[in-house]
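> This is the structure, below, for whatever I ask next.
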Amino acid sequence: MDDYPLIENHGLIGDLQTAALVTTDGSVDWFCAPRFDSPSVFGALLDKDKGGHCTIRPAHGTYATKQLYLPDTAILVTRFMTEAGAGEVIDFMPVTGTSATSKHRLVRMVHCVRGRMTFDIEVEPRFDYGRKDHRLHLSEHGAVFAQDGGPALTVHPVREPEDERLVDLLVDRYDTLHLTLTLEAGQERGLVLEWGTEGRPRVMRVAEYRELFHETVMFWRFWLRQSRYTGRWRETVERSAITLKLMTFAPTGAVVAAPTTALPEQLGGERNWDYRFTWIRDASFSVYALLGLGFTEEAAAFIQWLVARVKERAGRDGVTGPLNIMYAVDGSSDLQELALDHWEGYAGSAPVRIGNGAATQLQMDIYGEALDSVHFAHRHGLQVGHHGWNALLTNLDWLVDHWDQAGEGLWETRGGRKDFTYGRVMSWVAFDRALRLAESNGRPAGVERWRQARDDIYEQVMTKGWNEGRQAFVQHYGSDVLDSSLLRMATVGFITPEDPLWTSTLDAMEEDLVSDSLVYRYNPEASPDGLRGSEGTFSLCTFMYVDALARAGRTDKARLVFEKMMGYANHLGLYSEEIDPTGRQLGNFPQAFTHLALIDAAITLDAALNAS
């Protein structure tokens, strides 16, 4: 572990098509281009020796670091404090726009705040997950890292005419770029890394950098002003909103589950998955959160992306199978899973996987999540047109005939298909929301079949999903294992929050799945999932627990759990997928699902506290 920064010791920057992680020690150790799911340019996060990085830090002596975001922006400031002086590294990516592009810029500026400081800068890319060689070309105008048959990474220095010639400051050693930069108080210099150019470096002036900086500040602050949220924890909620925006692929509106791959759910374990894709189930969470805050444009874009996937499936010669559970951000579905055997993995946690084999799993819950998001968007004025409605009809026809079958479940287990209760509940949601949409819009629909299926599912869940001995709804039929996915039963309206069946389920979950306010997904020992090892508490589930408690009128407990959970955020308010028993963050980082659930929980709890 000493060779790797803690997962939570990172900040996120991005340009709405890809993103980078920056450590509290000034290293960019994760950056993929030109998209979130593209091969890495810097990947030291997953292999400290072979992954590549771009590091800026003080050259001499000991130092302390602090990291923060410039308020109301996605501009990251890493501060270094020494006895000789204090300096800042300001990192951001200028926003690219809504057209997919192969060109992306990563701006890294160094500002001396007081005293005199010397910084070491090292640029060491390793293209295509470290599988492609490159050559470093230097000139008085900058540097180019060139690879055969692929885009280049160009280094544009930011300096003034009175500075020394750049060629005197650069050393070519093992195709790595080294630069020593000495600044007096008030001075700022740096570099711009540009991916996808023709390899023509040029010297940039500080005034040009400041213009880029100002434009980026204004973009984020103008965007955030759309938020209508004025409740408690506003700063936390808005930071989550910015984080979600950073994980949105602007050309399509798709939100990736995380900008990283293969960060372990258990150190040394095998639960290392690629999250750089878009899940259908994220639709309902995303649309609820975005519309709840007032970000109508983002919600509409995601709905369009979702409906396009439904149309694609329905556009074939009838629906011959279920929807995929996840897609690439451009809507493609080939997510072949591979292991990068030449990388050691974060802190030795191999395998390092790219692609995701769970894409072809059968998960019955995704239809309910898709229809729930379409219905919620409709209530906020975002309506589905004629062709979209016909596509939904075709998919619902498939669901009418297939809802009563086993699947892999929400958590993408690899231990065989089961009759997961959550899958049945969300199939109920699909038919319930479809009936509401048909009635409110006066659209043609197979309402009798839908109504019958909805009612049959309800009766089945109440009969087979309820375990009398546990006095709780359970993970799958014939089991006594609890599952925190069922915390959404009251949220989606399957059961009322005050129903004794529901309150006793909450009590059982608190006994089995809650540890000092933190919530596990399920118990892998009691319900084997086909994978070795264990995992930490799931941050998404903790926020779902807050939401469920607030809806059940247990507002004091809900608030305490929420406040405790905020204490597990990193120094920037970011959350990974899980938290281990020591309080350390694990899993892919940051995780969209967690930040979406945080927003939902804050909105629900704030309203409950106001009403109490």
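Residue names in the structure tokens use chain letters A, B, ... in the order shown, residue numbers from 1 in each chain, and ligand numbers from 1 in the order shown.
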Can you list every residue in range 334-467 of chain A that DSSP puts in alpha helix (DSSP H), as a ChimeraX atom specification?
/A:366-379,386-402,421-441,447-460
> Taking 5 positions as the minimum chain separation for residues in the same chain, which residues sit within 8 Å of Tyr229 in chain A when counting only C-alpha atoms? Answer as a list in words.
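So, after excluding close chain neighbours, the residues are Arg234, Gly292, Leu293 and Gly294 of chain A.
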> Residues within 12 Å of Leu244 in chain A, please, as a ChimeraX atom specification. Count only C-alpha atoms; anything in the same chain fewer than 6 positions from it doesn't count.
/A:12-14,16,19,74,224,237-238,250,253-259,282,285-287,289-290,295,298-299,574-575,589-599
> What is the distance between CA of Tyr69 in chain A and CA of Ala86 in chain A, in Å to one decimal?
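About the pair CA of Tyr69 in chain A and CA of Ala86 in chain A: they are 17.4 Å apart.
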> So, with only C-alpha atoms as the atoms that count, which of A:Pro524, A:Gly368, A:Gly573, A:Gly26 lies closest to Arg488 in chain A?
A:Gly368
> Which residue, A:Pro5, A:Glu408, A:Glu369, A:Asp401, has the smallest gap to Tyr288 in chain A when you use only C-alpha atoms?
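Among the listed residues, the smallest separation from Tyr288 in chain A belongs to A:Glu369.
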> My list of candidates is A:Lys66, A:Arg105, A:Lys132, A:His156. Which is closest to Gly196 in chain A when distances are computed with only C-alpha atoms?
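Closest residue, counting only C-alpha atoms: A:Arg105.
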> I'd like the contact shell of range 95-100 of chain A - 12 Å cut-off, only C-alpha atoms, skipping same-chain residues fewer than 4 positions apart - returned as JSON, numbers by chain.
{"A": [13, 14, 15, 16, 17, 18, 19, 33, 34, 35, 36, 73, 74, 75, 104, 105, 106, 107, 212, 213, 214, 215, 216, 217, 218, 219, 220, 223, 245, 246, 248, 249, 250, 251, 252, 253, 254, 298, 301, 329, 330]}
> Excluding Met326 in chain A and its own-chain neighbours fewer than 4 positions away, which residues fall within 8 Å of it when counting only C-alpha atoms? Please give them as a list in words.
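Skipping anything fewer than 4 positions along the chain leaves Phe277, Thr278, Trp279, Ile280, Ser333 and Ala359 of chain A.
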> Can you list, as an MDAnalysis selection string, all residues belonging to range 474-604 of chain A that DSSP tags as strand (DSSP E)?
chainID A and resid 514:515 518:519 537:538 578:579 585:586
> Write out as a list in words which residues come within 10 Å of Pro581 in chain A when counting only C-alpha atoms, dropping same-chain ones fewer than 6 positions away.
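Non-adjacent residues within range: Ser515, Leu518, Glu535, Gly536 and Thr537 of chain A.
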> Using only C-alpha atoms, pick whichever of A:Leu46, A:Arg436, A:Phe431, A:Phe543 has the shortest atom-to-atom distance to Arg454 in chain A.
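Going through A:Leu46, A:Arg436, A:Phe431, A:Phe543 one by one, the smallest distance to Arg454 in chain A is for A:Phe431.
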> What does the distance between CA of Leu437 in chain A and CA of His402 in chain A come to in Å, to one decimal place?
21.4 Å
> Can you pull out the residues contacting Trp466 in chain A? Cut-off 10 Å, using only C-alpha atoms, and skip same-chain residues under 5 positions away; I want them as number ranges by chain.
A: 421, 460-461, 471-480, 501, 505
> Quick one, how far is CA of Asp133 in chain A from CA of Gly199 in chain A?
16.1 Å
> Pick the closest to Asp404 in chain A from A:Thr230, A:Ser427, A:Asn9, A:Gln304: which is it, counting only C-alpha atoms?
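Comparing A:Thr230, A:Ser427, A:Asn9, A:Gln304 against Asp404 in chain A, the winner is A:Ser427.
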> Quick one: of A:Tyr4, A:Tyr129, A:Tyr520, A:Trp273, who's nearest to Gly52 in chain A, counting only C-alpha atoms?
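Nearest candidate to Gly52 in chain A out of A:Tyr4, A:Tyr129, A:Tyr520, A:Trp273: A:Tyr129.
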